[in-house]
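Visitor: Provided below: coords20.tsv, containing TSV, C-alpha atoms.
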chain	number	residue	atom	x	y	z
A	23	MET	CA	96.52	163.95	107.46
A	24	ALA	CA	98.08	163.37	104.05
A	25	ALA	CA	101.51	163.29	105.64
A	26	PHE	CA	100.30	160.68	108.16
A	27	LEU	CA	98.92	158.46	105.37
A	28	MET	CA	102.15	158.70	103.42
A	29	LEU	CA	104.13	157.78	106.53
A	30	SER	CA	101.86	154.79	107.21
A	31	MET	CA	102.16	153.51	103.65
A	32	THR	CA	105.94	153.86	103.76
A	33	PHE	CA	106.05	151.91	107.04
A	34	LEU	CA	103.86	149.09	105.67
A	35	ALA	CA	105.91	148.89	102.49
A	36	SER	CA	109.05	148.69	104.55
A	37	CYS	CA	107.59	145.86	106.65
A	38	ALA	CA	106.51	143.96	103.56
A	39	LYS	CA	109.98	144.43	102.09
A	40	ASN	CA	111.69	143.21	105.21
A	41	ASN	CA	109.35	140.33	105.94
A	42	GLY	CA	108.87	139.17	102.36
A	43	PRO	CA	105.56	138.62	100.56
A	44	THR	CA	102.45	137.68	102.48
A	45	TYR	CA	100.72	134.40	101.69
A	46	GLY	CA	97.08	133.45	101.64
A	47	ARG	CA	95.68	129.97	101.96
A	48	ARG	CA	97.30	127.67	99.45
A	49	THR	CA	95.87	124.58	97.80
A	50	ALA	CA	96.96	122.06	95.19
A	51	GLY	CA	95.09	124.10	92.60
A	52	ASN	CA	96.46	127.46	93.78
A	53	PRO	CA	100.03	126.96	95.05
A	54	GLY	CA	101.12	130.58	94.43
A	55	LYS	CA	104.05	131.75	92.32
A	56	VAL	CA	106.88	131.47	94.81
A	57	SER	CA	107.78	129.03	97.56
A	58	ALA	CA	106.22	129.86	100.91
A	59	ALA	CA	109.20	128.19	102.58
A	60	THR	CA	112.14	129.74	100.69
A	61	GLY	CA	110.77	132.54	98.53
A	62	ALA	CA	112.21	130.94	95.38
A	63	GLU	CA	110.18	131.17	92.19
A	64	LEU	CA	108.28	127.98	91.45
A	65	ASN	CA	108.67	126.06	88.21
A	66	PHE	CA	105.46	124.89	86.53
A	67	ASP	CA	106.96	123.27	83.40
A	68	LEU	CA	106.04	119.57	83.68
A	69	ASP	CA	108.66	118.55	81.09
A	70	ASP	CA	111.51	120.23	82.99
A	71	THR	CA	113.15	117.66	85.26
A	72	THR	CA	116.17	119.88	86.05
A	73	GLN	CA	114.23	122.11	88.44
A	74	PHE	CA	111.90	121.57	91.33
A	75	THR	CA	108.49	121.38	89.67
A	76	VAL	CA	105.11	122.20	91.17
A	77	VAL	CA	101.85	121.00	89.60
A	78	LYS	CA	98.61	122.94	89.67
A	79	LEU	CA	95.80	120.41	90.12
A	80	LYS	CA	92.48	121.80	88.93
A	81	GLU	CA	90.47	118.92	90.36
A	82	PRO	CA	91.05	115.71	92.31
A	83	ALA	CA	92.59	112.91	90.29
A	84	LYS	CA	90.06	110.24	89.36
A	85	GLY	CA	89.50	107.80	86.57
A	86	PRO	CA	86.59	107.47	84.13
A	87	LYS	CA	83.25	105.96	85.20
A	88	LEU	CA	83.99	106.55	88.88
A	89	LYS	CA	81.61	108.17	91.38
A	90	TYR	CA	82.91	110.06	94.40
A	91	ILE	CA	81.91	108.45	97.70
A	92	GLN	CA	82.33	110.97	100.49
A	93	GLY	CA	83.56	109.20	103.60
A	94	GLY	CA	82.30	109.55	107.13
A	95	ARG	CA	80.91	107.77	110.16
A	96	ALA	CA	78.68	104.80	109.43
A	97	VAL	CA	76.87	102.01	111.19
A	98	LEU	CA	77.68	98.84	109.27
A	99	GLY	CA	76.22	95.42	109.80
A	100	THR	CA	73.04	93.46	109.24
A	101	GLN	CA	69.94	95.56	109.77
A	102	GLU	CA	67.64	92.88	108.38
A	103	GLN	CA	66.56	89.95	110.52
A	104	ASP	CA	69.32	87.33	110.49
A	105	VAL	CA	67.11	84.54	109.16
A	106	MET	CA	70.15	82.46	108.15
A	107	ALA	CA	71.50	82.65	111.74
A	108	PHE	CA	74.99	83.36	110.43
A	109	ARG	CA	75.60	86.06	113.06
A	110	ASP	CA	78.67	87.17	111.12
A	111	ASN	CA	78.01	90.89	110.70
A	112	ALA	CA	76.73	92.47	113.90
A	113	GLU	CA	76.21	96.23	113.84
A	114	ARG	CA	79.16	98.45	114.74
A	115	THR	CA	80.20	102.06	114.15
A	116	VAL	CA	83.18	102.75	111.88
A	117	THR	CA	84.59	105.58	109.80
A	118	ILE	CA	85.31	105.18	106.09
A	119	ALA	CA	87.70	107.45	104.18
A	120	SER	CA	86.50	109.08	100.96
A	121	PHE	CA	87.02	107.01	97.82
A	122	TYR	CA	85.73	106.44	94.30
A	123	MET	CA	83.73	103.50	92.97
A	124	ASP	CA	82.55	102.43	89.52
A	125	GLU	CA	79.00	103.56	88.93
A	126	THR	CA	78.18	100.15	87.43
A	127	GLU	CA	79.41	96.61	87.52
A	128	VAL	CA	82.20	95.85	85.04
A	129	THR	CA	80.48	94.94	81.79
A	130	ASN	CA	81.14	92.33	79.13
A	131	LEU	CA	82.38	95.12	76.85
A	132	ASP	CA	84.78	96.38	79.53
A	133	TYR	CA	86.20	92.91	80.01
A	134	LYS	CA	86.49	92.24	76.28
A	135	GLU	CA	88.57	95.43	75.95
A	136	PHE	CA	90.82	94.07	78.69
A	137	LEU	CA	91.31	90.72	76.94
A	138	PHE	CA	91.98	92.39	73.58
A	139	ASP	CA	94.73	94.56	75.01
A	140	MET	CA	96.24	91.72	77.03
A	141	LYS	CA	96.79	89.77	73.79
A	142	LYS	CA	99.48	92.36	72.97
A	143	ARG	CA	101.12	92.07	76.38
A	144	ALA	CA	100.94	88.42	77.43
A	145	SER	CA	101.20	84.93	76.02
A	146	ALA	CA	98.19	83.12	74.59
A	147	ASP	CA	98.15	80.78	77.60
A	148	SER	CA	98.08	83.73	80.01
A	149	VAL	CA	95.22	85.36	78.12
A	150	ASN	CA	93.28	82.11	78.09
A	151	ARG	CA	93.55	81.98	81.88
A	152	LEU	CA	91.92	85.41	82.02
A	153	GLU	CA	88.90	84.41	79.91
A	154	PRO	CA	85.62	84.30	81.83
A	155	ARG	CA	84.28	80.79	82.25
A	156	GLU	CA	81.36	80.38	79.90
A	157	ASP	CA	80.51	76.95	81.32
A	158	VAL	CA	79.13	78.62	84.46
A	159	TRP	CA	75.81	78.77	82.60
A	160	THR	CA	75.71	75.02	81.97
A	161	GLU	CA	73.38	73.00	84.18
A	162	ALA	CA	72.83	69.26	83.93
A	163	LEU	CA	69.05	69.62	84.18
A	164	SER	CA	68.55	72.99	82.51
A	165	TYR	CA	68.78	74.37	78.98
A	166	ASN	CA	71.03	77.42	79.31
A	167	ASP	CA	73.26	76.59	76.33
A	168	VAL	CA	72.44	79.88	74.62
A	169	TYR	CA	73.99	81.85	77.48
A	170	SER	CA	77.14	79.70	77.43
A	171	THR	CA	77.58	80.57	73.76
A	172	TYR	CA	76.34	84.13	73.54
A	173	TYR	CA	76.27	85.89	76.92
A	174	PHE	CA	79.88	87.09	76.88
A	175	ARG	CA	80.50	87.23	73.12
A	176	HIS	CA	77.37	88.69	71.52
A	177	PRO	CA	77.22	92.53	71.25
A	178	GLY	CA	73.62	92.44	72.44
A	179	PHE	CA	75.03	91.65	75.88
A	180	ASN	CA	77.83	94.27	75.76
A	181	PHE	CA	76.43	96.32	78.64
A	182	TYR	CA	75.43	93.40	80.80
A	183	PRO	CA	77.68	92.60	83.78
A	184	VAL	CA	80.52	90.18	83.11
A	185	ALA	CA	79.98	86.77	84.71
A	186	GLY	CA	82.18	83.74	85.22
A	187	VAL	CA	85.16	85.68	86.60
A	188	THR	CA	87.16	84.63	89.63
A	189	TRP	CA	88.43	86.93	92.36
A	190	GLU	CA	91.92	86.52	90.90
A	191	GLN	CA	90.74	87.52	87.41
A	192	ALA	CA	88.98	90.57	88.85
A	193	ASN	CA	92.24	91.66	90.46
A	194	ALA	CA	94.11	91.14	87.19
A	195	TYR	CA	91.58	93.41	85.47
A	196	CYS	CA	92.14	96.10	88.13
A	197	LYS	CA	95.92	96.01	87.60
A	198	TRP	CA	95.55	96.20	83.82
A	199	ARG	CA	93.09	99.08	84.05
A	200	THR	CA	95.47	101.01	86.31
A	201	ALA	CA	98.34	100.67	83.83
A	202	TYR	CA	96.19	101.36	80.75
A	203	VAL	CA	94.45	104.47	82.08
A	204	ASN	CA	97.69	105.93	83.45
A	205	GLU	CA	99.40	105.46	80.11
A	206	LEU	CA	96.56	107.34	78.41
A	207	TYR	CA	96.91	110.15	80.97
A	208	ARG	CA	100.66	110.39	80.37
A	209	GLU	CA	100.16	110.58	76.61
A	210	LYS	CA	97.43	113.21	77.03
A	211	GLU	CA	99.82	115.40	79.03
A	212	GLY	CA	102.55	114.85	76.44
A	213	LEU	CA	105.07	113.70	79.04
A	214	ASP	CA	108.19	111.66	78.28
A	215	SER	CA	107.55	107.92	78.52
A	216	THR	CA	110.96	107.48	80.19
A	217	MET	CA	109.88	109.40	83.28
A	218	SER	CA	109.90	107.32	86.42
A	219	LYS	CA	106.66	106.49	88.19
A	220	ASN	CA	107.62	108.79	91.06
A	221	LEU	CA	108.12	111.74	88.68
A	222	LEU	CA	104.76	111.05	87.06
A	223	ILE	CA	103.10	110.87	90.47
A	224	GLU	CA	104.65	114.22	91.42
A	225	ARG	CA	103.21	115.71	88.24
A	226	GLY	CA	99.75	114.48	89.13
A	227	VAL	CA	99.27	112.31	86.05
A	228	VAL	CA	99.36	108.92	87.77
A	229	LEU	CA	96.08	107.81	89.26
A	230	PRO	CA	95.96	105.67	92.38
A	231	SER	CA	95.48	102.00	91.65
A	232	TYR	CA	92.14	100.58	90.60
A	233	ARG	CA	91.30	97.78	93.01
A	234	LEU	CA	88.43	95.80	94.42
A	235	PRO	CA	86.61	97.73	97.15
A	236	ASN	CA	86.98	96.31	100.61
A	237	GLU	CA	83.88	95.00	102.32
A	238	ALA	CA	83.37	98.07	104.52
A	239	GLU	CA	83.66	100.44	101.55
A	240	TRP	CA	81.27	98.35	99.50
A	241	GLU	CA	78.66	98.16	102.26
A	242	TYR	CA	78.99	101.87	103.05
A	243	ALA	CA	78.59	102.84	99.38
A	244	ALA	CA	75.64	100.49	98.91
A	245	LYS	CA	73.61	101.87	101.82
A	246	ALA	CA	74.25	105.46	100.66
A	247	MET	CA	73.00	106.93	103.91
A	248	ILE	CA	73.58	110.48	102.64
A	249	GLY	CA	70.01	110.20	101.39
A	250	THR	CA	68.78	110.14	105.00
A	251	GLN	CA	71.11	112.85	106.32
A	252	TYR	CA	69.84	115.86	108.27
A	253	LEU	CA	71.72	119.11	108.87
A	254	ASP	CA	72.34	118.19	112.51
A	255	GLU	CA	74.06	114.90	111.57
A	256	ASN	CA	71.26	112.80	112.99
A	257	GLN	CA	70.32	109.69	111.06
A	258	GLU	CA	67.08	108.61	112.59
A	259	ASN	CA	66.33	105.91	110.03
A	260	GLY	CA	68.51	103.09	108.80
A	261	ARG	CA	68.27	101.33	105.47
A	262	ILE	CA	67.64	97.68	104.84
A	263	TYR	CA	68.36	98.16	101.12
A	264	PRO	CA	70.14	100.86	99.08
A	265	TRP	CA	66.82	102.72	98.95
A	266	ASP	CA	64.29	103.93	101.52
A	267	GLY	CA	61.52	101.76	102.86
A	268	ARG	CA	61.08	98.13	103.77
A	269	GLY	CA	59.91	96.91	100.37
A	270	VAL	CA	61.55	96.11	97.06
A	271	ARG	CA	59.19	98.19	94.90
A	272	ASN	CA	59.35	101.90	94.16
A	273	PRO	CA	56.88	103.55	96.58
A	274	TYR	CA	57.22	107.00	95.02
A	275	ASP	CA	56.44	108.62	91.71
A	276	VAL	CA	59.37	111.04	91.96
A	277	LYS	CA	62.73	109.77	90.71
A	278	ARG	CA	61.17	107.65	87.97
A	279	LYS	CA	58.05	109.36	86.76
A	280	GLY	CA	55.25	106.96	85.98
A	281	ARG	CA	57.19	104.02	87.43
A	282	GLN	CA	55.60	103.81	90.87
A	283	GLY	CA	55.35	100.17	91.94
A	284	ASP	CA	58.30	99.03	89.80
A	285	LEU	CA	60.79	96.64	91.31
A	286	LEU	CA	64.01	98.41	92.34
A	287	ALA	CA	66.34	95.47	91.77
A	288	ASN	CA	66.79	92.38	89.63
A	289	PHE	CA	66.38	89.35	91.90
A	290	LYS	CA	64.59	86.03	92.25
A	291	ARG	CA	61.15	86.67	93.70
A	292	GLY	CA	60.42	83.14	94.82
A	293	ARG	CA	60.86	79.51	93.94
A	294	GLY	CA	60.92	79.32	90.16
A	295	ASP	CA	60.01	83.01	89.77
A	296	TYR	CA	62.87	85.00	88.22
A	297	ALA	CA	60.91	87.62	86.30
A	298	GLY	CA	57.25	87.75	87.14
A	299	ILE	CA	54.37	87.09	84.75
A	300	ALA	CA	54.83	88.17	81.14
A	301	GLY	CA	53.09	91.42	80.27
A	302	GLY	CA	53.01	92.77	83.81
A	303	ILE	CA	54.02	96.40	83.61
A	304	THR	CA	55.48	96.39	87.12
A	305	ASN	CA	57.30	93.05	86.83
A	306	ASP	CA	61.01	93.22	86.15
A	307	GLY	CA	60.97	90.80	83.20
A	308	ASP	CA	64.72	90.16	83.63
A	309	ILE	CA	65.26	86.42	83.76
A	310	ILE	CA	69.08	86.65	83.81
A	311	PRO	CA	71.35	89.65	84.55
A	312	ALA	CA	70.12	92.93	83.08
A	313	ASN	CA	71.78	95.95	81.49
A	314	VAL	CA	73.94	97.59	84.16
A	315	TYR	CA	71.90	100.82	83.88
A	316	GLU	CA	68.52	99.13	84.02
A	317	TYR	CA	67.54	99.96	87.60
A	318	PRO	CA	67.69	103.36	89.35
A	319	PRO	CA	70.94	104.31	91.11
A	320	ASN	CA	71.25	104.87	94.84
A	321	ASP	CA	72.01	108.26	96.42
A	322	PHE	CA	75.72	107.96	95.57
A	323	GLY	CA	74.83	107.43	91.91
A	324	LEU	CA	75.74	103.72	91.95
A	325	TYR	CA	73.67	101.24	89.94
A	326	ASN	CA	72.69	97.74	91.05
A	327	MET	CA	74.32	97.72	94.46
A	328	SER	CA	71.56	95.24	95.22
A	329	GLY	CA	70.58	92.55	92.76
A	330	ASN	CA	71.69	91.88	89.19
A	331	MET	CA	75.09	90.47	90.21
A	332	ASN	CA	76.81	89.67	93.45
A	333	GLU	CA	80.20	91.38	93.61
A	334	TRP	CA	83.63	90.31	94.79
A	335	VAL	CA	85.26	92.45	97.48
A	336	GLU	CA	88.81	92.48	98.77
A	337	ASP	CA	88.33	90.86	102.17
A	338	VAL	CA	89.25	87.39	103.29
A	339	TYR	CA	86.20	85.82	104.93
A	340	ARG	CA	86.02	85.20	108.65
A	341	PRO	CA	82.66	84.80	110.42
A	342	LEU	CA	83.68	86.99	113.36
A	343	SER	CA	85.53	89.74	111.51
A	344	TYR	CA	83.21	92.37	112.93
A	345	GLN	CA	84.73	91.69	116.36
A	346	ASP	CA	88.32	92.12	115.15
A	347	PHE	CA	88.09	95.01	112.67
A	348	GLU	CA	89.65	98.38	113.35
A	349	ASP	CA	87.03	101.12	113.51
A	350	LEU	CA	88.82	103.23	110.85
A	351	ASN	CA	88.86	101.85	107.29
A	352	PRO	CA	88.36	98.20	108.36
A	353	LEU	CA	89.80	95.49	106.11
A	354	ARG	CA	90.78	91.83	106.54
A	355	ARG	CA	93.62	90.92	104.20
A	356	ASP	CA	94.34	87.58	105.85
A	357	GLY	CA	93.59	85.58	108.96
A	358	THR	CA	95.34	87.92	111.40
A	359	ASN	CA	93.88	87.42	114.90
A	360	ASP	CA	91.67	84.63	113.55
A	361	SER	CA	93.90	82.00	111.96
A	362	GLU	CA	92.62	79.38	109.56
A	363	GLU	CA	93.77	76.63	111.97
A	364	ALA	CA	90.65	77.42	114.00
A	365	TYR	CA	88.49	76.27	111.07
A	366	ARG	CA	90.08	72.95	110.15
A	367	THR	CA	86.71	71.19	109.91
A	368	THR	CA	85.23	73.84	107.59
A	369	LEU	CA	86.00	75.36	104.20
A	370	ILE	CA	87.23	78.64	105.70
A	371	ASP	CA	90.85	79.61	104.99
A	372	ASP	CA	92.73	82.58	103.58
A	373	ASN	CA	91.73	81.71	100.01
A	374	TYR	CA	88.03	82.36	100.59
A	375	ARG	CA	86.82	85.86	99.75
A	376	VAL	CA	83.68	87.77	100.60
A	377	TYR	CA	81.06	88.61	97.99
A	378	LYS	CA	78.05	90.85	98.54
A	379	GLY	CA	74.96	92.38	97.04
A	380	GLY	CA	72.58	89.65	95.97
A	381	SER	CA	71.98	88.75	92.34
A	382	TRP	CA	69.41	87.89	89.68
A	383	ARG	CA	69.22	84.36	91.10
A	384	ASP	CA	69.02	85.30	94.81
A	385	VAL	CA	65.92	85.97	96.88
A	386	ALA	CA	65.32	89.40	98.42
A	387	TYR	CA	67.04	88.57	101.72
A	388	TRP	CA	70.46	88.82	100.06
A	389	LEU	CA	69.74	92.30	98.65
A	390	SER	CA	70.51	93.83	102.04
A	391	PRO	CA	74.06	95.28	101.96
A	392	GLY	CA	74.78	93.87	105.42
A	393	THR	CA	74.51	90.24	104.32
A	394	ARG	CA	77.73	88.48	103.39
A	395	ARG	CA	78.78	85.22	101.80
A	396	PHE	CA	82.08	83.73	100.69
A	397	MET	CA	83.60	81.63	97.92
A	398	HIS	CA	87.06	80.40	96.96
A	399	GLN	CA	89.00	83.08	95.11
A	400	ASP	CA	89.58	80.75	92.14
A	401	SER	CA	85.89	79.91	91.77
A	402	ALA	CA	83.57	81.48	89.23
A	403	THR	CA	79.78	81.48	88.88
A	404	ASN	CA	77.10	83.06	86.71
A	405	HIS	CA	75.98	85.33	89.56
A	406	ILE	CA	79.23	86.97	90.78
A	407	GLY	CA	80.78	89.95	89.01
A	408	PHE	CA	82.69	92.95	90.34
A	409	ARG	CA	83.31	96.68	90.16
A	410	CYS	CA	86.44	98.70	90.85
A	411	ALA	CA	87.27	101.28	93.51
A	412	MET	CA	90.01	103.88	93.92
A	413	ILE	CA	91.19	105.87	96.91
A	414	SER	CA	90.52	109.62	96.90
A	415	VAL	CA	93.82	111.54	96.87
A	416	GLY	CA	93.78	115.07	98.25
A	417	ALA	CA	90.90	117.27	99.32
A	418	ASP	CA	88.07	118.71	97.27
A	419	ASP	CA	89.42	122.27	97.38
A	420	MET	CA	91.74	121.81	94.42
For the structure just supplied, provide its representation as structure tokens.
Guide:
Amino acid sequence: MAAFLMLSMTFLASCAKNNGPTYGRRTAGNPGKVSAATGAELNFDLDDTTQFTVVKLKEPAKGPKLKYIQGGRAVLGTQEQDVMAFRDNAERTVTIASFYMDETEVTNLDYKEFLFDMKKRASADSVNRLEPREDVWTEALSYNDVYSTYYFRHPGFNFYPVAGVTWEQANAYCKWRTAYVNELYREKEGLDSTMSKNLLIERGVVLPSYRLPNEAEWEYAAKAMIGTQYLDENQENGRIYPWDGRGVRNPYDVKRKGRQGDLLANFKRGRGDYAGIAGGITNDGDIIPANVYEYPPNDFGLYNMSGNMNEWVEDVYRPLSYQDFEDLNPLRRDGTNDSEEAYRTTLIDDNYRVYKGGSWRDVAYWLSPGTRRFMHQDSATNHIGFRCAMISVGADDM
């Protein structure tokens, strides 16, 4: 018996020697010590550019303040009654790839950091063009002067959502944030600043670009249907808002103890009613935009996906986009298949962008993620802000 075991072990050792090492499942976080293709030893020194270098990624690359949005099948479109008769977002089934999204709207403090750094990189005229428009608070028949002077500048409003930014300015912020965060990552890893972008990408220290979410991503993240998911993949109930139920008040005493009956979003409740009656413990009391963490997050951990501020998204507006979209990662960058010549008598052209979400000055109808409106990309108001998104690179099994 002992002789048989010895013979078996010798045979297996011989096979292993002849066939080379055996390999288990490999991932970005566990690539092994030698190449599975050639058998050559792998180099893990990130500073060594003379050899083929492999990076061990411990976790997916993502930036600060971002929440992971697991992709999947979704039914997008208006699930509320189309009282405006726009008929521009009929229900359809699509699939959205996994991505990341800011947990809150970009704040005044975030935007002030952007402007401060841009003063070192661009001319004074260029920086001035990036300033949010403070005159968006000015009304001929209203006294909002205090907001024009203080809303963006005063530290008391630091964590309120930035207002008065155009779609173009929001994109400029995304590009700056990409460059700034990636430079911090490179310095943290101690890598040579002369390395090319491709080398830095191969070493896993360059994040994908921050950008505006496209409309489908935004709507998918806002509805957060994972909160209604069963083990058998059936979703028997839809969502009108980013929370359960048909109302705008908290029906439960679970997620926010002692806050049953509180409003779940900052919005205009009726003509002339922005905040409710003073002293009411279940009235929101927020006359203008509120702190970005003021209301409870949805099931993806995202705050104020309804109310507080409308938000710019990437898409060019077309009323019948839902008929043209691909069913995988839908996006309309321009008027492909629906040219602006068809809308000569209207305002619609390739410079008009979609915004979503409802705001502090909108009635409850616009809180539904399926509703959509549009505005010129160079326009700014006191009720449109934005948040950033980022594609998810690689799988979760780092």
Visitor: For range 337-339 of chain A, please output as JSON, numbers by chain all residues within 10 Å (counting only C-alpha atoms; exclusion window: fewer than 2 positions along the same chain).
Guide: {"A": [110, 234, 235, 236, 237, 238, 334, 335, 341, 342, 343, 352, 353, 354, 355, 356, 357, 370, 371, 372, 373, 374, 375, 376, 377, 394, 395, 396, 397, 398, 399]}
Visitor: Which residue, A:Asp157, A:Ala386, A:Asp132, A:Lys84, has the smallest gap to Leu229 in chain A when you use only C-alpha atoms?
Guide: A:Lys84
Visitor: Got a sec: who's within 9 Å of Trp382 in chain A, counting only C-alpha atoms, leaving out chain neighbours fewer than 4 positions off, as a list in words?
Guide: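 With the cut-off at 9 Å, the set is Ala287, Asn288, Phe289, Lys290, Tyr296, Asp308, Ile309, Ile310, Pro311, Ala312, Gly329, Asn330, Met331, Asn332 and His405 of chain A.
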Visitor: Could you check which of A:Glu224, A:Lys141, A:Pro86, A:Tyr122 is closest to Asp69 in chain A, using all atoms listed in the file?
Guide: A:Glu224
Visitor: What separation in Å, quoted to one decimal, exists between CA of Thr100 in chain A and CA of Tyr242 in chain A?
Guide: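 Computed distance, CA of Thr100 in chain A to CA of Tyr242 in chain A, equals 12.0 Å.
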Visitor: When you count only C-alpha atoms, which of these residues is closest to Thr188 in chain A: A:Ile406, A:Met412, A:Met140, A:Ala62?
Guide: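 Among the listed residues, A:Ile406 lies closest to Thr188 in chain A.
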Visitor: One decimal, in Å: what's the spacing between CA of Ile262 in chain A and CA of Ser390 in chain A?
Guide: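 Those two atoms sit 5.6 Å apart.
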Visitor: So the first atom is CA of Ser231 in chain A and the second is CA of Val97 in chain A; what is the distance between them in Å, to one decimal place?
Guide: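 Computed distance, CA of Ser231 in chain A to CA of Val97 in chain A, equals 27.0 Å.
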Visitor: Using all atoms listed in the file, which residues sit within 12 Å of range 151-156 of chain A once same-chain residues fewer than 4 positions away are excluded, as a PyMOL selection string?
Guide: chain A and resi 129-130+133-141+144-147+160-161+166-175+183-195+198+400-407
Visitor: Each side padded by 3 Å, which centre and which edge lengths in Å (one decimal) define the axis-aligned box around the listed atoms of range 79-93 of chain A? Give them as JSON.
Guide:
{"center_x": 88.7, "center_y": 113.9, "center_z": 93.9, "size_x": 20.2, "size_y": 21.8, "size_z": 25.5}
Visitor: Within 6 Å of (56.0, 95.7, 91.1) (file coordinates; all atoms listed in the file), which protein or nucleic acid residues are there? I'd like them as an MDAnalysis selection string.
Guide: chainID A and resid 271 283:285 304:305
Visitor: Restore N, CA, C and O atoms in range 191-202 of chain A and list the result as a short mmCIF file (atom, residue, chain, number, x, y, z; two decimals), in the coordinates of the input.
Guide:
data_model
loop_
_atom_site.label_atom_id
_atom_site.label_comp_id
_atom_site.auth_asym_id
_atom_site.auth_seq_id
_atom_site.Cartn_x
_atom_site.Cartn_y
_atom_site.Cartn_z
N GLN A 191 90.90 86.85 88.70
CA GLN A 191 90.74 87.52 87.41
C GLN A 191 90.29 88.97 87.60
O GLN A 191 90.74 89.86 86.88
N ALA A 192 89.42 89.20 88.57
CA ALA A 192 88.98 90.57 88.85
C ALA A 192 90.15 91.44 89.27
O ALA A 192 90.26 92.61 88.86
N ASN A 193 91.06 90.91 90.06
CA ASN A 193 92.24 91.66 90.46
C ASN A 193 93.17 91.92 89.29
O ASN A 193 93.78 92.99 89.19
N ALA A 194 93.29 90.95 88.39
CA ALA A 194 94.11 91.14 87.19
C ALA A 194 93.54 92.27 86.33
O ALA A 194 94.29 93.09 85.77
N TYR A 195 92.22 92.33 86.22
CA TYR A 195 91.58 93.41 85.47
C TYR A 195 91.91 94.76 86.11
O TYR A 195 92.21 95.73 85.41
N CYS A 196 91.85 94.84 87.43
CA CYS A 196 92.14 96.10 88.13
C CYS A 196 93.57 96.57 87.84
O CYS A 196 93.81 97.76 87.61
N LYS A 197 94.52 95.64 87.86
CA LYS A 197 95.92 96.01 87.60
C LYS A 197 96.09 96.48 86.17
O LYS A 197 96.79 97.46 85.90
N TRP A 198 95.47 95.77 85.22
CA TRP A 198 95.55 96.20 83.82
C TRP A 198 94.94 97.58 83.64
O TRP A 198 95.53 98.44 82.97
N ARG A 199 93.78 97.80 84.22
CA ARG A 199 93.09 99.08 84.05
C ARG A 199 93.92 100.22 84.61
O ARG A 199 93.97 101.31 84.02
N THR A 200 94.60 100.00 85.73
CA THR A 200 95.47 101.01 86.31
C THR A 200 96.56 101.40 85.33
O THR A 200 96.79 102.59 85.07
N ALA A 201 97.25 100.40 84.77
CA ALA A 201 98.34 100.67 83.83
C ALA A 201 97.84 101.33 82.55
O ALA A 201 98.45 102.29 82.05
N TYR A 202 96.71 100.86 82.03
CA TYR A 202 96.19 101.36 80.75
C TYR A 202 95.74 102.81 80.87
O TYR A 202 96.09 103.66 80.03
#
